[in-house]
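Scroll down for the structure; my scribbles are underneath it.
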Amino acid sequence: MTTAPAVEVVLYHLSHKAEDVLAAYHETSRRMAGTPGLMGNQLMNELGRPDSYVVLSHWDSWESFEKWESGPEHKGQTAPLREFRDTERTRPFEIYKVLASY
């Protein structure tokens with residue numbers, strides 16, 4: 001049985017260069033491997049909009065996410081994807097606390 005994540009973080013990205021986004025995602029994921037509390041992540045592409053991407057990361061607790069986000073490794077680990085952030089949005093990210101899951 002898998003434990004459901006307690007926090008989901010959604011990051012929005014835009015690019016017409018799918019191969020560059022994919023390479024940056026893989027590099028970021030390699031850099032974040034072993035991060036305490038990180039349960040995994042996914043790169044998704046919006047159907048019907050090939051330039052729109054979402055990275056969804058799954059965390060075991062708000063405390064784990066907050067500790068990582070405020071720590072010195074955060075910016076270096078996520079640097080490869082930063083250039084693709086969707087700056088057309090008011091915020092290029094959302095953070096959700098999971099209330100229930102099946």
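By convention here, the chains of the structure tokens are called A, B, ... in the order presented, each chain's residues are numbered starting at 1, and ligands are numbered starting at 1 in the order presented.
When DSSP is run on the backbone, the residues of range 2-101 of chain A that fall into strand (DSSP E) are Val7, Glu8, Val9, Val10, Leu11, Tyr12, His13, Leu14, Leu38, Met39, Gly40, Asn41, Gln42, Leu43, Met44, Asn45, Ser52, Tyr53, Val54, Val55, Leu56, Ser57, His58, Trp59, Phe93, Glu94, Ile95, Tyr96 and Lys97 of chain A.
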Residues of the last selection are to be written out with N, CA, C and O atoms, as an mmCIF file, in the first residue's frame.
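Okay, selection31.cif is ready:
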data_model
loop_
_atom_site.group_PDB
_atom_site.id
_atom_site.type_symbol
_atom_site.label_atom_id
_atom_site.label_comp_id
_atom_site.auth_asym_id
_atom_site.auth_seq_id
_atom_site.Cartn_x
_atom_site.Cartn_y
_atom_site.Cartn_z
ATOM 1 N N VAL A 7 0.981 16.973 0.558
ATOM 2 C CA VAL A 7 1.081 18.250 -0.137
ATOM 3 C C VAL A 7 1.411 17.985 -1.601
ATOM 4 O O VAL A 7 2.256 17.155 -1.914
ATOM 5 N N GLU A 8 0.717 18.690 -2.490
ATOM 6 C CA GLU A 8 0.974 18.621 -3.931
ATOM 7 C C GLU A 8 1.373 20.018 -4.396
ATOM 8 O O GLU A 8 0.695 20.995 -4.091
ATOM 9 N N VAL A 9 2.478 20.104 -5.117
ATOM 10 C CA VAL A 9 2.948 21.384 -5.634
ATOM 11 C C VAL A 9 2.870 21.331 -7.152
ATOM 12 O O VAL A 9 3.353 20.389 -7.776
ATOM 13 N N VAL A 10 2.238 22.337 -7.738
ATOM 14 C CA VAL A 10 2.033 22.409 -9.181
ATOM 15 C C VAL A 10 2.818 23.597 -9.718
ATOM 16 O O VAL A 10 2.627 24.727 -9.264
ATOM 17 N N LEU A 11 3.719 23.327 -10.673
ATOM 18 C CA LEU A 11 4.510 24.385 -11.313
ATOM 19 C C LEU A 11 4.154 24.432 -12.790
ATOM 20 O O LEU A 11 4.171 23.404 -13.465
ATOM 21 N N TYR A 12 3.855 25.623 -13.287
ATOM 22 C CA TYR A 12 3.434 25.800 -14.667
ATOM 23 C C TYR A 12 4.611 26.288 -15.522
ATOM 24 O O TYR A 12 5.347 27.186 -15.125
ATOM 25 N N HIS A 13 4.746 25.690 -16.712
ATOM 26 C CA HIS A 13 5.836 26.027 -17.618
ATOM 27 C C HIS A 13 5.304 26.206 -19.042
ATOM 28 O O HIS A 13 4.306 25.583 -19.411
ATOM 29 N N LEU A 14 6.004 27.030 -19.825
ATOM 30 C CA LEU A 14 5.674 27.246 -21.238
ATOM 31 C C LEU A 14 6.933 27.131 -22.077
ATOM 32 O O LEU A 14 7.983 27.672 -21.706
ATOM 33 N N LEU A 38 10.238 14.263 -0.260
ATOM 34 C CA LEU A 38 9.775 14.249 -1.649
ATOM 35 C C LEU A 38 9.413 12.820 -2.022
ATOM 36 O O LEU A 38 10.254 11.934 -2.014
ATOM 37 N N MET A 39 8.142 12.617 -2.358
ATOM 38 C CA MET A 39 7.650 11.278 -2.686
ATOM 39 C C MET A 39 7.721 10.982 -4.175
ATOM 40 O O MET A 39 7.553 9.855 -4.596
ATOM 41 N N GLY A 40 7.935 12.015 -4.989
ATOM 42 C CA GLY A 40 8.011 11.838 -6.430
ATOM 43 C C GLY A 40 7.484 13.057 -7.150
ATOM 44 O O GLY A 40 7.016 14.011 -6.529
ATOM 45 N N ASN A 41 7.589 13.028 -8.478
ATOM 46 C CA ASN A 41 7.081 14.130 -9.284
ATOM 47 C C ASN A 41 6.719 13.623 -10.672
ATOM 48 O O ASN A 41 7.085 12.509 -11.044
ATOM 49 N N GLN A 42 5.993 14.451 -11.399
ATOM 50 C CA GLN A 42 5.548 14.099 -12.748
ATOM 51 C C GLN A 42 5.658 15.327 -13.639
ATOM 52 O O GLN A 42 5.396 16.441 -13.189
ATOM 53 N N LEU A 43 6.006 15.118 -14.895
ATOM 54 C CA LEU A 43 5.931 16.160 -15.915
ATOM 55 C C LEU A 43 4.738 15.818 -16.792
ATOM 56 O O LEU A 43 4.639 14.707 -17.306
ATOM 57 N N MET A 44 3.837 16.785 -16.959
ATOM 58 C CA MET A 44 2.643 16.567 -17.774
ATOM 59 C C MET A 44 2.544 17.661 -18.827
ATOM 60 O O MET A 44 3.017 18.775 -18.616
ATOM 61 N N ASN A 45 1.924 17.313 -19.944
ATOM 62 C CA ASN A 45 1.717 18.229 -21.057
ATOM 63 C C ASN A 45 0.222 18.405 -21.235
ATOM 64 O O ASN A 45 -0.515 17.424 -21.269
ATOM 65 N N SER A 52 2.415 23.929 -23.276
ATOM 66 C CA SER A 52 2.063 24.101 -21.869
ATOM 67 C C SER A 52 2.379 22.841 -21.066
ATOM 68 O O SER A 52 1.908 21.755 -21.389
ATOM 69 N N TYR A 53 3.171 23.025 -19.994
ATOM 70 C CA TYR A 53 3.621 21.903 -19.169
ATOM 71 C C TYR A 53 3.315 22.161 -17.699
ATOM 72 O O TYR A 53 3.279 23.306 -17.261
ATOM 73 N N VAL A 54 3.156 21.079 -16.971
ATOM 74 C CA VAL A 54 2.973 21.150 -15.527
ATOM 75 C C VAL A 54 3.908 20.135 -14.886
ATOM 76 O O VAL A 54 4.005 18.997 -15.345
ATOM 77 N N VAL A 55 4.601 20.560 -13.836
ATOM 78 C CA VAL A 55 5.349 19.628 -13.002
ATOM 79 C C VAL A 55 4.593 19.541 -11.686
ATOM 80 O O VAL A 55 4.314 20.559 -11.039
ATOM 81 N N LEU A 56 4.233 18.332 -11.328
ATOM 82 C CA LEU A 56 3.500 18.072 -10.092
ATOM 83 C C LEU A 56 4.416 17.295 -9.164
ATOM 84 O O LEU A 56 4.905 16.220 -9.529
ATOM 85 N N SER A 57 4.697 17.851 -7.988
ATOM 86 C CA SER A 57 5.532 17.126 -7.026
ATOM 87 C C SER A 57 4.700 16.746 -5.810
ATOM 88 O O SER A 57 3.790 17.463 -5.413
ATOM 89 N N HIS A 58 5.020 15.595 -5.252
ATOM 90 C CA HIS A 58 4.271 14.999 -4.152
ATOM 91 C C HIS A 58 5.163 14.979 -2.914
ATOM 92 O O HIS A 58 6.272 14.436 -2.962
ATOM 93 N N TRP A 59 4.677 15.551 -1.824
ATOM 94 C CA TRP A 59 5.448 15.667 -0.586
ATOM 95 C C TRP A 59 4.707 14.976 0.560
ATOM 96 O O TRP A 59 3.487 15.000 0.616
ATOM 97 N N PHE A 93 3.017 28.939 -9.903
ATOM 98 C CA PHE A 93 2.913 27.720 -9.093
ATOM 99 C C PHE A 93 1.665 27.782 -8.220
ATOM 100 O O PHE A 93 1.094 28.839 -7.991
ATOM 101 N N GLU A 94 1.259 26.621 -7.734
ATOM 102 C CA GLU A 94 0.192 26.486 -6.737
ATOM 103 C C GLU A 94 0.621 25.402 -5.769
ATOM 104 O O GLU A 94 1.321 24.451 -6.152
ATOM 105 N N ILE A 95 0.202 25.517 -4.519
ATOM 106 C CA ILE A 95 0.500 24.511 -3.504
ATOM 107 C C ILE A 95 -0.828 24.080 -2.892
ATOM 108 O O ILE A 95 -1.620 24.919 -2.468
ATOM 109 N N TYR A 96 -1.058 22.768 -2.872
ATOM 110 C CA TYR A 96 -2.307 22.214 -2.368
ATOM 111 C C TYR A 96 -2.052 21.269 -1.211
ATOM 112 O O TYR A 96 -1.177 20.393 -1.294
ATOM 113 N N LYS A 97 -2.842 21.423 -0.159
ATOM 114 C CA LYS A 97 -2.822 20.475 0.954
ATOM 115 C C LYS A 97 -3.886 19.432 0.662
ATOM 116 O O LYS A 97 -5.039 19.768 0.373
#
- Task: Mind the document's chain letters and residue numbers, and return as a ChimeraX atom specification the residues of range 9-59 of chain A that DSSP labels alpha helix (DSSP H).
- Result: /A:18-32
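If you measure from each of A:Thr28, A:Ser15, A:Pro36, A:Ala23 to Glu63 in chain A using only C-alpha atoms, the closest one turns out to be A:Pro36.
Residue neighbourhood of Tyr25 in chain A, excluding near-sequence residues (fewer than 3 positions): Val21, Leu22, Thr28, Ser29, Leu43, Pro80 and Leu81 of chain A, at 8 Å, using only C-alpha atoms.
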Selected residues written out with all heavy atoms, as a tab-separated table (two decimals), in the first residue's frame:
chain	number	residue	atom	x	y	z
A	21	VAL	N	12.48	21.13	-22.39
A	21	VAL	CA	11.71	21.00	-21.15
A	21	VAL	C	11.94	19.62	-20.55
A	21	VAL	O	12.18	19.48	-19.34
A	21	VAL	CB	10.20	21.25	-21.37
A	21	VAL	CG1	9.40	20.96	-20.10
A	21	VAL	CG2	9.97	22.68	-21.83
A	22	LEU	N	11.87	18.59	-21.38
A	22	LEU	CA	12.07	17.22	-20.91
A	22	LEU	C	13.47	17.04	-20.32
A	22	LEU	O	13.63	16.46	-19.25
A	22	LEU	CB	11.82	16.24	-22.05
A	22	LEU	CG	11.70	14.77	-21.67
A	22	LEU	CD1	10.59	14.54	-20.65
A	22	LEU	CD2	11.46	13.94	-22.91
A	28	THR	N	16.53	18.25	-13.27
A	28	THR	CA	15.98	18.70	-11.98
A	28	THR	C	15.63	17.51	-11.10
A	28	THR	O	15.95	17.49	-9.91
A	28	THR	CB	14.74	19.59	-12.20
A	28	THR	OG1	15.14	20.75	-12.95
A	28	THR	CG2	14.11	20.01	-10.89
A	29	SER	N	15.01	16.49	-11.68
A	29	SER	CA	14.64	15.29	-10.92
A	29	SER	C	15.87	14.57	-10.39
A	29	SER	O	15.87	14.10	-9.24
A	29	SER	CB	13.80	14.35	-11.79
A	29	SER	OG	12.58	14.96	-12.11
A	43	LEU	N	6.01	15.12	-14.90
A	43	LEU	CA	5.93	16.16	-15.91
A	43	LEU	C	4.74	15.82	-16.79
A	43	LEU	O	4.64	14.71	-17.31
A	43	LEU	CB	7.21	16.19	-16.76
A	43	LEU	CG	7.19	17.14	-17.96
A	43	LEU	CD1	7.08	18.60	-17.51
A	43	LEU	CD2	8.43	16.92	-18.82
A	80	PRO	N	17.41	24.13	-13.61
A	80	PRO	CA	17.23	23.77	-15.02
A	80	PRO	C	15.83	24.09	-15.58
A	80	PRO	O	15.70	24.41	-16.76
A	80	PRO	CB	17.49	22.26	-15.04
A	80	PRO	CG	18.39	22.02	-13.88
A	80	PRO	CD	17.93	23.00	-12.83
A	81	LEU	N	14.81	24.04	-14.74
A	81	LEU	CA	13.45	24.29	-15.22
A	81	LEU	C	13.03	25.76	-15.13
A	81	LEU	O	12.05	26.16	-15.75
A	81	LEU	CB	12.44	23.45	-14.42
A	81	LEU	CG	12.23	22.03	-14.90
A	81	LEU	CD1	11.44	21.22	-13.88
A	81	LEU	CD2	11.53	22.00	-16.25
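Straight-line separation from CA of His74 in chain A to CA of Glu19 in chain A: 23.4 Å.
Counting from CA of Phe65 in chain A, the distance to CA of Thr35 in chain A is 9.6 Å.
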- Message: As an exercise, work out the distance from CA of Thr90 in chain A to CA of Ser64 in chain A in Å and give it to one decimal place.
- Response: 25.4 Å
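Of the residues under consideration (A:Pro92, A:Glu66, A:His16, A:Ala4), A:His16 shows the shortest atom-to-atom contact distance to Arg49 in chain A when counting only C-alpha atoms.
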- Item | Spatial neighbours of Thr78 in chain A, 12 Å, only C-alpha atoms, chain gap at least 5 places, as a ChimeraX atom specification | /A:11,24-33,55,57,68-69,72-73,83-85
